[in-house]
Structures are given as structure tokens and as C-alpha cells.
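Structure file protein.cif; described as mmCIF, C-alpha atoms.
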data_coords
#
loop_
_atom_site.group_PDB
_atom_site.id
_atom_site.type_symbol
_atom_site.label_atom_id
_atom_site.label_comp_id
_atom_site.auth_asym_id
_atom_site.auth_seq_id
_atom_site.Cartn_x
_atom_site.Cartn_y
_atom_site.Cartn_z
ATOM 1 C CA MET D 296 0.000 0.000 0.000
ATOM 2 C CA GLU D 297 1.338 3.414 -0.977
ATOM 3 C CA LYS D 298 2.057 5.623 2.007
ATOM 4 C CA ASN D 299 0.725 9.142 2.352
ATOM 5 C CA TYR D 300 2.236 12.324 3.754
ATOM 6 C CA TRP D 301 0.319 14.506 6.211
ATOM 7 C CA GLY D 302 0.742 17.770 8.039
ATOM 8 C CA ILE D 303 -0.976 18.359 11.379
ATOM 9 C CA HIS D 304 -1.497 21.357 13.635
ATOM 10 C CA PHE D 305 -1.665 19.995 17.147
ATOM 11 C CA GLY D 306 -3.738 22.483 19.106
ATOM 12 C CA VAL D 307 -4.293 26.219 18.717
ATOM 13 C CA TYR D 308 -0.959 27.704 17.601
ATOM 14 C CA ASN D 309 0.400 24.123 17.839
ATOM 15 C CA LYS D 310 0.431 24.406 21.625
ATOM 16 C CA PHE D 311 0.483 20.620 22.141
ATOM 17 C CA ALA D 312 3.243 19.898 19.594
ATOM 18 C CA ASN D 313 6.036 19.493 22.147
ATOM 19 C CA LEU D 314 3.843 17.297 24.355
ATOM 20 C CA GLY D 315 2.912 15.118 21.369
ATOM 21 C CA HIS D 316 6.583 14.755 20.480
ATOM 22 C CA GLU D 317 7.510 13.845 24.045
ATOM 23 C CA LYS D 318 4.682 11.326 24.525
ATOM 24 C CA GLY D 319 4.631 9.900 20.987
ATOM 25 C CA PHE D 320 1.173 10.808 19.706
ATOM 26 C CA ILE D 321 -0.921 13.228 17.673
ATOM 27 C CA ALA D 322 -4.519 14.198 18.360
ATOM 28 C CA VAL D 323 -7.398 16.304 17.094
ATOM 29 C CA GLY D 324 -10.118 17.986 19.101
ATOM 30 C CA TRP D 325 -13.895 18.227 18.598
ATOM 31 C CA ARG D 326 -14.192 17.072 22.199
ATOM 32 C CA GLU D 327 -17.825 18.233 22.483
ATOM 33 C CA LEU D 328 -18.785 15.099 20.548
ATOM 34 C CA LYS D 329 -17.775 13.190 23.699
ATOM 35 C CA ARG D 330 -17.578 9.796 22.052
ATOM 36 C CA ASP D 331 -15.317 7.176 20.540
ATOM 37 C CA LEU D 332 -15.574 7.371 16.747
ATOM 38 C CA ARG D 333 -14.119 3.974 15.828
ATOM 39 C CA GLU D 334 -17.539 2.767 14.675
ATOM 40 C CA PHE D 335 -17.271 5.229 11.757
ATOM 41 C CA LYS D 336 -13.889 3.984 10.547
ATOM 42 C CA SER D 337 -15.287 1.599 7.926
ATOM 43 C CA LEU D 338 -17.490 4.239 6.285
ATOM 44 C CA ASP D 339 -16.765 5.917 2.979
ATOM 45 C CA LYS D 340 -16.712 9.710 2.841
ATOM 46 C CA LYS D 341 -20.385 10.118 1.944
ATOM 47 C CA GLU D 342 -21.584 7.806 4.731
ATOM 48 C CA PHE D 343 -19.167 9.389 7.187
ATOM 49 C CA PHE D 344 -20.646 12.843 6.558
ATOM 50 C CA GLU D 345 -24.203 11.504 6.731
ATOM 51 C CA LYS D 346 -23.624 9.753 10.071
ATOM 52 C CA LEU D 347 -21.593 12.491 11.771
ATOM 53 C CA GLY D 348 -23.679 15.396 10.459
ATOM 54 C CA PRO D 349 -26.440 15.089 13.094
ATOM 55 C CA LEU D 350 -23.903 14.580 15.886
ATOM 56 C CA PHE D 351 -22.016 17.730 14.878
ATOM 57 C CA ALA D 352 -25.265 19.684 14.559
ATOM 58 C CA LYS D 353 -26.179 18.751 18.127
ATOM 59 C CA ALA D 354 -22.735 19.311 19.662
ATOM 60 C CA TYR D 355 -21.920 22.489 17.694
ATOM 61 C CA LYS D 356 -25.366 23.973 17.026
ATOM 62 C CA ASP D 357 -24.017 27.530 17.183
ATOM 63 C CA GLN D 358 -21.513 26.913 14.373
ATOM 64 C CA PRO D 359 -22.453 27.582 10.736
ATOM 65 C CA LEU D 360 -22.976 24.568 8.487
ATOM 66 C CA ASN D 361 -19.729 25.109 6.539
ATOM 67 C CA SER D 362 -17.656 25.119 9.769
ATOM 68 C CA ARG D 363 -19.280 21.870 10.883
ATOM 69 C CA SER D 364 -18.634 20.328 7.449
ATOM 70 C CA GLN D 365 -14.964 21.293 7.634
ATOM 71 C CA GLY D 366 -14.723 19.654 11.056
ATOM 72 C CA ILE D 367 -16.259 16.433 9.781
ATOM 73 C CA GLY D 368 -13.824 16.481 6.855
ATOM 74 C CA GLN D 369 -10.860 16.863 9.213
ATOM 75 C CA LEU D 370 -12.017 13.911 11.300
ATOM 76 C CA PHE D 371 -12.534 11.813 8.165
ATOM 77 C CA ARG D 372 -8.890 12.383 7.192
ATOM 78 C CA PHE D 373 -7.625 11.657 10.706
ATOM 79 C CA ILE D 374 -9.738 8.524 11.291
ATOM 80 C CA ASN D 375 -10.260 6.999 7.847
ATOM 81 C CA LEU D 376 -7.521 8.254 5.519
ATOM 82 C CA MET D 377 -4.455 8.300 7.742
ATOM 83 C CA ALA D 378 -2.865 4.847 7.991
ATOM 84 C CA ILE D 379 -0.126 3.079 9.905
ATOM 85 C CA GLY D 380 3.150 3.741 8.090
ATOM 86 C CA ASP D 381 2.104 7.151 6.756
ATOM 87 C CA VAL D 382 4.481 10.063 7.353
ATOM 88 C CA VAL D 383 3.345 13.008 9.476
ATOM 89 C CA LEU D 384 4.919 16.471 9.823
ATOM 90 C CA MET D 385 4.081 18.578 12.883
ATOM 91 C CA PRO D 386 5.365 22.174 13.045
ATOM 92 C CA LYS D 387 5.991 24.152 16.219
ATOM 93 C CA SER D 388 6.152 27.476 14.423
ATOM 94 C CA ASP D 389 6.696 29.778 17.418
ATOM 95 C CA GLU D 390 9.881 27.818 18.226
ATOM 96 C CA GLY D 391 10.940 27.299 14.602
ATOM 97 C CA LYS D 392 10.814 23.504 14.966
ATOM 98 C CA LEU D 393 9.472 20.718 12.775
ATOM 99 C CA TYR D 394 8.834 17.190 13.991
ATOM 100 C CA LEU D 395 8.724 14.333 11.475
ATOM 101 C CA GLY D 396 7.361 10.889 12.346
ATOM 102 C CA ILE D 397 5.684 7.679 11.208
ATOM 103 C CA ILE D 398 2.094 6.920 12.227
ATOM 104 C CA ASP D 399 2.281 3.900 14.503
ATOM 105 C CA SER D 400 -1.342 3.072 15.389
ATOM 106 C CA ASP D 401 -4.896 3.114 14.183
ATOM 107 C CA TYR D 402 -7.259 5.771 15.517
ATOM 108 C CA PHE D 403 -8.180 5.394 19.193
ATOM 109 C CA TYR D 404 -10.149 7.404 21.736
ATOM 110 C CA GLN D 405 -8.521 8.524 24.971
ATOM 111 C CA GLU D 406 -11.275 7.957 27.539
ATOM 112 C CA LYS D 407 -9.599 9.941 30.310
ATOM 113 C CA PRO D 408 -8.115 13.366 29.473
ATOM 114 C CA ASP D 409 -4.488 13.874 30.525
ATOM 115 C CA GLU D 410 -2.254 16.899 29.923
ATOM 116 C CA CYS D 411 -4.004 17.231 26.562
ATOM 117 C CA ASP D 412 -7.783 17.466 26.253
ATOM 118 C CA TYR D 413 -7.779 16.352 22.604
ATOM 119 C CA LEU D 414 -9.109 12.792 22.838
ATOM 120 C CA ASN D 415 -9.103 11.530 19.218
ATOM 121 C CA ARG D 416 -5.587 10.144 18.877
ATOM 122 C CA ARG D 417 -2.965 8.153 17.003
ATOM 123 C CA LYS D 418 0.438 6.959 18.161
ATOM 124 C CA VAL D 419 3.470 8.274 16.265
ATOM 125 C CA LYS D 420 7.088 7.134 16.183
ATOM 126 C CA TRP D 421 9.001 10.409 15.869
ATOM 127 C CA ILE D 422 12.182 9.966 13.857
ATOM 128 C CA LYS D 423 13.504 13.461 13.244
ATOM 129 C CA GLU D 424 13.442 16.990 14.641
ATOM 130 C CA SER D 425 14.417 19.692 12.176
ATOM 131 C CA GLU D 426 14.343 23.460 11.869
ATOM 132 C CA LEU D 427 11.642 25.124 9.811
ATOM 133 C CA SER D 428 14.291 27.433 8.392
ATOM 134 C CA LYS D 429 15.993 24.435 6.722
ATOM 135 C CA ILE D 430 13.051 23.262 4.609
ATOM 136 C CA SER D 431 11.975 24.689 1.269
ATOM 137 C CA GLN D 432 9.620 27.648 1.094
ATOM 138 C CA PRO D 433 6.926 25.654 -0.778
ATOM 139 C CA LEU D 434 6.865 23.008 1.976
ATOM 140 C CA LYS D 435 6.855 25.737 4.610
ATOM 141 C CA ASN D 436 3.896 27.348 2.851
ATOM 142 C CA SER D 437 1.998 24.048 2.860
ATOM 143 C CA LEU D 438 2.632 23.626 6.578
ATOM 144 C CA GLY D 439 1.004 27.025 7.062
ATOM 145 C CA SER D 440 -2.368 25.564 6.040
ATOM 146 C CA ILE D 441 -5.365 26.742 8.037
ATOM 147 C CA MET D 442 -6.555 23.124 8.268
ATOM 148 C CA THR D 443 -5.873 20.839 11.230
ATOM 149 C CA VAL D 444 -5.054 17.772 9.115
ATOM 150 C CA PHE D 445 -3.870 18.278 5.533
ATOM 151 C CA SER D 446 -1.942 16.513 2.787
ATOM 152 C CA VAL D 447 1.653 17.451 2.007
ATOM 153 C CA ALA D 448 2.079 14.643 -0.548
ATOM 154 C CA GLU D 449 3.232 17.067 -3.241
ATOM 155 C CA HIS D 450 6.431 17.478 -1.218
ATOM 156 C CA SER D 451 6.999 13.719 -0.810
ATOM 157 C CA GLN D 452 10.503 13.760 -2.319
ATOM 158 C CA GLU D 453 11.749 16.496 0.001
ATOM 159 C CA ILE D 454 10.177 14.694 2.957
ATOM 160 C CA GLU D 455 11.803 11.389 1.963
ATOM 161 C CA ASP D 456 15.137 13.213 1.749
ATOM 162 C CA LEU D 457 14.612 14.375 5.342
ATOM 163 C CA ILE D 458 13.887 10.788 6.395
ATOM 164 C CA GLU D 459 17.011 9.496 4.647
ATOM 165 C CA GLU D 460 19.019 12.223 6.326
ATOM 166 C CA SER D 461 17.801 11.036 9.716
ATOM 167 C CA LYS D 462 18.730 7.428 8.864
ATOM 168 C CA ALA D 463 22.185 8.573 7.779
ATOM 169 C CA ASN D 464 22.801 9.735 11.338
ATOM 170 C CA LEU D 465 22.262 6.201 12.650
ATOM 171 C CA PRO D 466 25.069 3.628 12.810
ATOM 172 C CA THR D 467 25.011 1.425 9.699
ATOM 173 C CA GLU D 468 23.860 -1.671 11.605
ATOM 174 C CA SER D 469 20.961 0.253 13.159
ATOM 175 C CA GLN D 470 19.886 1.507 9.739
ATOM 176 C CA GLU D 471 19.766 -2.017 8.338
ATOM 177 C CA GLU D 472 17.968 -3.448 11.357
ATOM 178 C CA PHE D 473 15.351 -0.682 11.375
ATOM 179 C CA THR D 474 14.690 -1.084 7.645
ATOM 180 C CA ILE D 475 14.324 -4.876 7.802
ATOM 181 C CA GLU D 476 12.124 -4.893 10.889
ATOM 182 C CA SER D 477 9.874 -2.196 9.448
ATOM 183 C CA HIS D 478 8.870 -4.810 6.841
ATOM 184 C CA LEU D 479 9.140 -7.868 9.112
ATOM 185 C CA GLU D 480 5.995 -7.051 11.078
ATOM 186 C CA GLY D 481 3.841 -7.015 7.953
ATOM 187 C CA PHE D 482 5.488 -10.199 6.674
ATOM 188 C CA ILE D 483 4.738 -12.074 9.908
ATOM 189 C CA ILE D 484 1.105 -10.946 9.911
ATOM 190 C CA GLU D 485 0.546 -11.834 6.248
ATOM 191 C CA ASN D 486 2.234 -15.238 6.552
ATOM 192 C CA TRP D 487 1.033 -16.148 10.033
ATOM 193 C CA GLU D 488 -0.572 -19.469 9.116
ATOM 194 C CA LYS D 489 2.672 -20.668 7.501
ATOM 195 C CA LEU D 490 4.777 -19.985 10.600
ATOM 196 C CA GLU D 491 5.336 -22.209 13.629
ATOM 197 C CA LEU D 492 3.481 -19.666 15.763
ATOM 198 C CA GLY D 493 0.378 -20.112 13.612
ATOM 199 C CA LYS D 494 0.043 -23.754 14.723
ATOM 200 C CA LYS D 495 -0.776 -22.758 18.301
ATOM 201 C CA TYR D 496 -2.056 -19.176 18.069
ATOM 202 C CA ASN D 497 -4.582 -17.213 16.065
ATOM 203 C CA ILE D 498 -3.544 -13.688 15.203
ATOM 204 C CA TYR D 499 -5.661 -10.824 16.573
ATOM 205 C CA SER D 500 -8.496 -9.783 14.273
ATOM 206 C CA GLU D 501 -11.385 -7.337 14.232
ATOM 207 C CA GLU D 502 -14.682 -8.306 12.592
ATOM 208 C CA GLY D 503 -12.944 -11.153 10.780
ATOM 209 C CA GLU D 504 -10.161 -8.928 9.394
ATOM 210 C CA LYS D 505 -6.665 -9.977 10.420
ATOM 211 C CA LYS D 506 -5.006 -7.056 12.216
ATOM 212 C CA GLY D 507 -2.161 -8.292 14.404
ATOM 213 C CA GLN D 508 -1.474 -4.845 15.832
ATOM 214 C CA TYR D 509 -3.376 -3.898 18.983
ATOM 215 C CA VAL D 510 -3.635 -0.368 20.312
ATOM 216 C CA THR D 511 -3.751 0.146 24.079
ATOM 217 C CA PRO D 512 -3.812 3.411 26.059
ATOM 218 C CA ILE D 513 -0.114 2.860 26.826
ATOM 219 C CA GLY D 514 1.012 2.184 23.253
ATOM 220 C CA ARG D 515 0.669 -0.140 20.253
ATOM 221 C CA ILE D 516 1.469 -3.830 20.602
ATOM 222 C CA ASP D 517 3.337 -4.913 17.466
ATOM 223 C CA ILE D 518 1.495 -8.227 17.170
ATOM 224 C CA LEU D 519 -1.131 -9.749 19.466
ATOM 225 C CA ALA D 520 -2.314 -13.353 19.247
ATOM 226 C CA LYS D 521 -4.449 -15.788 21.236
ATOM 227 C CA SER D 522 -4.082 -19.541 21.594
ATOM 228 C CA LYS D 523 -6.495 -21.660 19.618
ATOM 229 C CA ASP D 524 -7.979 -22.993 22.879
ATOM 230 C CA LYS D 525 -8.553 -19.328 23.911
ATOM 231 C CA LYS D 526 -6.714 -19.807 27.211
ATOM 232 C CA GLU D 527 -3.564 -17.794 26.535
ATOM 233 C CA TRP D 528 -2.618 -14.428 25.018
ATOM 234 C CA LEU D 529 0.707 -13.861 23.267
ATOM 235 C CA VAL D 530 2.230 -10.369 23.089
ATOM 236 C CA ILE D 531 4.910 -10.047 20.392
ATOM 237 C CA GLU D 532 7.363 -7.157 20.144
ATOM 238 C CA LEU D 533 9.956 -6.585 17.413
ATOM 239 C CA LYS D 534 13.145 -4.912 18.533
ATOM 240 C CA LYS D 535 12.997 -2.245 15.762
ATOM 241 C CA GLY D 536 16.321 -0.647 16.596
ATOM 242 C CA ARG D 537 15.455 -0.097 20.245
ATOM 243 C CA SER D 538 17.849 -0.890 23.066
ATOM 244 C CA GLY D 539 17.445 -4.146 24.960
ATOM 245 C CA HIS D 540 16.075 -2.574 28.127
ATOM 246 C CA GLU D 541 13.548 -0.542 26.123
ATOM 247 C CA VAL D 542 11.986 -3.523 24.360
ATOM 248 C CA VAL D 543 11.944 -5.659 27.532
ATOM 249 C CA GLY D 544 10.362 -2.820 29.518
ATOM 250 C CA GLN D 545 7.783 -2.248 26.785
ATOM 251 C CA ILE D 546 6.703 -5.872 26.512
ATOM 252 C CA LEU D 547 6.385 -6.186 30.297
ATOM 253 C CA LYS D 548 4.037 -3.176 30.305
ATOM 254 C CA TYR D 549 1.917 -4.672 27.542
ATOM 255 C CA ILE D 550 1.748 -8.072 29.254
ATOM 256 C CA GLY D 551 0.548 -6.339 32.432
ATOM 257 C CA TRP D 552 -2.072 -4.329 30.542
ATOM 258 C CA ILE D 553 -3.462 -7.355 28.681
ATOM 259 C CA LYS D 554 -3.540 -9.402 31.883
ATOM 260 C CA GLU D 555 -5.519 -6.730 33.706
ATOM 261 C CA ASN D 556 -7.874 -5.689 30.913
ATOM 262 C CA GLU D 557 -8.360 -8.706 28.650
ATOM 263 C CA CYS D 558 -8.077 -11.673 31.007
ATOM 264 C CA PRO D 559 -8.672 -10.476 34.590
ATOM 265 C CA ASN D 560 -9.651 -13.933 35.918
ATOM 266 C CA ASN D 561 -6.081 -15.231 36.227
ATOM 267 C CA GLY D 562 -5.754 -15.755 32.487
ATOM 268 C CA LYS D 563 -2.335 -16.543 31.068
ATOM 269 C CA VAL D 564 -0.339 -13.951 29.089
ATOM 270 C CA LYS D 565 3.036 -14.672 27.517
ATOM 271 C CA GLY D 566 5.472 -12.458 25.665
ATOM 272 C CA LEU D 567 7.798 -12.991 22.712
ATOM 273 C CA ILE D 568 10.615 -10.725 21.535
ATOM 274 C CA ILE D 569 11.811 -11.084 17.935
ATOM 275 C CA LEU D 570 15.185 -9.673 16.896
ATOM 276 C CA GLY D 571 17.929 -10.209 14.357
ATOM 277 C CA GLU D 572 20.677 -11.475 16.638
ATOM 278 C CA LYS D 573 20.814 -12.456 20.291
ATOM 279 C CA GLU D 574 21.950 -9.699 22.632
ATOM 280 C CA GLU D 575 23.443 -10.404 26.035
ATOM 281 C CA GLY D 576 21.472 -7.556 27.603
ATOM 282 C CA ILE D 577 18.122 -8.998 26.525
ATOM 283 C CA THR D 578 19.151 -12.583 27.281
ATOM 284 C CA TYR D 579 20.131 -11.754 30.862
ATOM 285 C CA ALA D 580 17.037 -9.607 31.421
ATOM 286 C CA LEU D 581 14.772 -12.472 30.353
ATOM 287 C CA LYS D 582 16.393 -14.820 32.882
ATOM 288 C CA ALA D 583 14.398 -12.881 35.510
ATOM 289 C CA THR D 584 11.059 -13.935 34.005
ATOM 290 C CA ASP D 585 9.676 -17.222 32.764
ATOM 291 C CA ASN D 586 6.865 -15.898 30.568
ATOM 292 C CA ILE D 587 8.804 -14.092 27.814
ATOM 293 C CA GLY D 588 10.417 -16.017 24.985
ATOM 294 C CA LEU D 589 12.997 -14.973 22.408
ATOM 295 C CA MET D 590 13.156 -15.667 18.668
ATOM 296 C CA THR D 591 15.686 -14.532 16.095
ATOM 297 C CA TYR D 592 15.150 -14.144 12.366
ATOM 298 C CA SER D 593 17.474 -14.358 9.391
ATOM 299 C CA VAL D 594 17.139 -12.939 5.909
ATOM 300 C CA SER D 595 18.135 -14.945 2.854
ATOM 301 C CA PHE D 596 18.766 -13.280 -0.509
ATOM 302 C CA GLN D 597 19.714 -15.132 -3.672
ATOM 303 C CA LEU D 598 20.463 -14.175 -7.257
ATOM 304 C CA LYS D 599 19.802 -16.854 -9.848
ATOM 305 C CA SER D 600 21.567 -16.847 -13.170
ATOM 306 C CA GLU D 601 19.285 -16.419 -16.163
ATOM 307 C CA LYS D 602 20.136 -16.537 -19.841
ATOM 308 C CA LEU D 603 20.450 -13.008 -21.139
ATOM 309 C CA LYS D 604 18.949 -12.132 -24.475
#

Can you dump the structure from the file as C-alpha cells?
Amino acid sequence: MEKNYWGIHFGVYNKFANLGHEKGFIAVGWRELKRDLREFKSLDKKEFFEKLGPLFAKAYKDQPLNSRSQGIGQLFRFINLMAIGDVVLMPKSDEGKLYLGIIDSDYFYQEKPDECDYLNRRKVKWIKESELSKISQPLKNSLGSIMTVFSVAEHSQEIEDLIEESKANLPTESQEEFTIESHLEGFIIENWEKLELGKKYNIYSEEGEKKGQYVTPIGRIDILAKSKDKKEWLVIELKKGRSGHEVVGQILKYIGWIKENECPNNGKVKGLIILGEKEEGITYALKATDNIGLMTYSVSFQLKSEKLK
């Protein structure tokens, strides 16, 4: 699937941009709706407008029709058009900063407000902080849009150059690992039934559609599965260039969250970390727990000789 490129203004005058960068998320407002909008995610644009129109009219009855329509359009982009893997640019104009990241979760609704009262959210993996003064004027002009969520796809090449520049600052091994594991997650999900894991576990799905990824209030689980006898959950995390203590800490949090929220009656939850090569740090850390396993992967690449014409 072709990725898209988005700009977002996070709050009035981008007031929540630094918070979003620190906590790893983006969000949009329209909080007077006071409801989770995931039920509208499968709708096309026409249906989306038809369903949300009455809700907007009730929540924002003092706003003119065109303002309400613009709001519905912004939510449609944020909920239905944005996708995991898309690139997002978030300016903090008053500080001359630009944050660039990769969308890392589906839409979710934050039930309890925290430092930010924008409750319609997506997780983002921020990969680069730049200066607005260093980007081209056309891209800068696009980021000055009056919209909350807007496309910047016409600047895709410049944005990709910024991403490559950020990768160039990583050690070579980290670059390669990050690139491979960015594709590994999708490969595992698509080929689940062919893998050893598929013999014991069914991958997480919603309404019959295989998802794998599972969004929690504390972050996105890379892959979630459940045993075929429905007695055990399996939380899978890919290392994705993170340090050993980061990935172990993350998977422990997710195991705790699933245990408390999905199987409160002493259900069993296990974890599995997948990485390219064994690391002593992770190996020793896992000796302290008996419910997290470790798997490594290898990549094989072959060129076969063909008769040239």
C-alpha cells in the first residue's frame, strides 16, 4: 500500500506539539462530541458525513454549516484516511521547529483526558526533529495551512530526503535493522498461518479482518495473538532498533495491561521478543522472568543466473 504524507497542527498555535513529540502521539479535538468514533472507521466519505452530520449539529449547534462540514472532513482524514506507516509532519512554528514521524497506530479514543484534552488520537514514532528554516519555502507554505489535518504529498521527495538524512545519522547496523524490521511485522502478519506460531495461536483480528497490531492506552502492541484454545494471550514485540532494556520494559508493560484488561480472571499472558541477533542484555534480562520467549530471524537473498537475451 502506498504511504501518504500529512501535516498536522496539534492544538491552537500548535500548543500541544512538544507534548505530542515527548509522549509519541498526535490528536485532534472536537471534544464536544464526547464519544469514541471507531464505529465510523469503515465508512466511505459520503456515509461518514451523513452519520456524523447530526452529531455535529447537536454538539456544535451555534456553528455555521460550513464550519461543521470542515470539522467532519478533518475527522474523516484523521480517522479513515491516515494509515499506519504514513508520514506526518508537525510544526511548532513559534519555536521554529518541525517534527517528522511515522504513524504507529490506528485511531483510538482517549477515555480519560491527561495533559491534553484532545481525545481523538494516534500513536506516532518520531524519527527526526528539524528546523523550519531548513526546509523549502513551498513546503513551509503548505505547513502554514489553516486546516488541522492536511496533505503534504506534493512534497513527498523532500520529505523522503529528510527521512534518509535522519537514517544517515544512525550507525550502519541500526539503519539495516530498522529497515528490515519495518517490513518484518507485515510479513509475519501476512504469513502467520505458515509460521510455527500459527500452529498454536490465532492472530488478533477485528470483525474477521486480520489485524495483528493492537492499540492500548499505553502504546501499540506490534502483534497480538491468542491460543487456539482461547486460554492464553501472546504479546509479540519486534526490537525495531530499540535498546534491549527498552523492548523488555515495553513488553512487560503490555503483558501487564493485557492481563488486567483482557483476562482479569487469572488468564495466562506470555510475551515474545523477535530480533535479528541475540543480545546479552536482553538474554540476561529475560532470565528474571519465565513468561517471555525470544526468537531470532534471518534474511536470505539469492540471485539466480538467467540466460540473457

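One distance worth recording is that between atom CA of Ser364 of chain D and atom CA of Phe445 of chain D, which is 15.0 Å.
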
Problem set entry | 6 Å contact set for segment 374-383 of chain D, only C-alpha atoms, chain neighbours under 5 positions out, as a list in words | Lys298, Asn299, Tyr300, Trp301, Gly302, Lys336, Leu395, Gly396, Ile397, Ile398, Asp399, Ser400 and Tyr402 of chain D

Within 7 Å of (-20.2, 16.9, 9.6), in the coordinates the file gives, what residues turn up when you count all atoms listed in the file, written out as a PDB file with C-alpha atoms, in the frame of the given file?
ATOM      1  CA  PHE D 344     -20.646  12.843   6.558  1.00  0.00           C
ATOM      2  CA  LEU D 347     -21.593  12.491  11.771  1.00  0.00           C
ATOM      3  CA  GLY D 348     -23.679  15.396  10.459  1.00  0.00           C
ATOM      4  CA  PHE D 351     -22.016  17.730  14.878  1.00  0.00           C
ATOM      5  CA  ARG D 363     -19.280  21.870  10.883  1.00  0.00           C
ATOM      6  CA  SER D 364     -18.634  20.328   7.449  1.00  0.00           C
ATOM      7  CA  GLY D 366     -14.723  19.654  11.056  1.00  0.00           C
ATOM      8  CA  ILE D 367     -16.259  16.433   9.781  1.00  0.00           C
ATOM      9  CA  GLY D 368     -13.824  16.481   6.855  1.00  0.00           C
TER      10      GLY D 368
END

For this session: Expand the PyMOL selection byres ((chain D and resi 310-316) around 10) into the individual residues it matches in the shown file, reporting them as a ChimeraX atom specification.
Result: /D:303-309,317-322,385-390,392-396,410-413,418-422,424

For this session: Could you give me, as a ChimeraX atom specification, the residues within 6 Å of Tyr404 of chain D, counting all atoms listed in the file and dropping anything in the same chain fewer than 2 positions from it?
Result: /D:331,406,414-415

For this session: Can you work out the spacing between atom CA of Leu567 of chain D and atom CA of Ile531 of chain D in Å, to one decimal?
Result: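 So the answer is 4.7 Å.
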
Seminar exercise, completed: Pairwise distance, atom CA of Leu570 of chain D with atom CA of Ile516 of chain D, equals 15.4 Å

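Proximity of D:Glu334, D:Glu572, D:Glu532, D:Glu527 to Ile553 of chain D, computed with only C-alpha atoms, is greatest for D:Glu527.
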
For this session: Go through D:Ala354, D:Leu438, D:Leu370, D:Ile430 and flag the residue nearest Asp456 of chain D, using all atoms listed in the file for the distances.
Result: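 So, comparing all the options, the nearest one is D:Ile430.
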
So that all listed atoms of segment 524-527 of chain D fit with 6 Å spare on each side, what axis-aligned box centre and edge lengths in Å, to one decimal, would you give as JSON?
{"center_x": -6.1, "center_y": -20.4, "center_z": 25.0, "size_x": 17.0, "size_y": 17.2, "size_z": 16.3}

For this session: Compile the contact shell of Ile498 of chain D as a PyMOL selection string: residues with an atom at most 7 Å away, counting all atoms listed in the file, same-chain residues fewer than 4 positions apart removed.
Result: chain D and resi 505+507+519-521
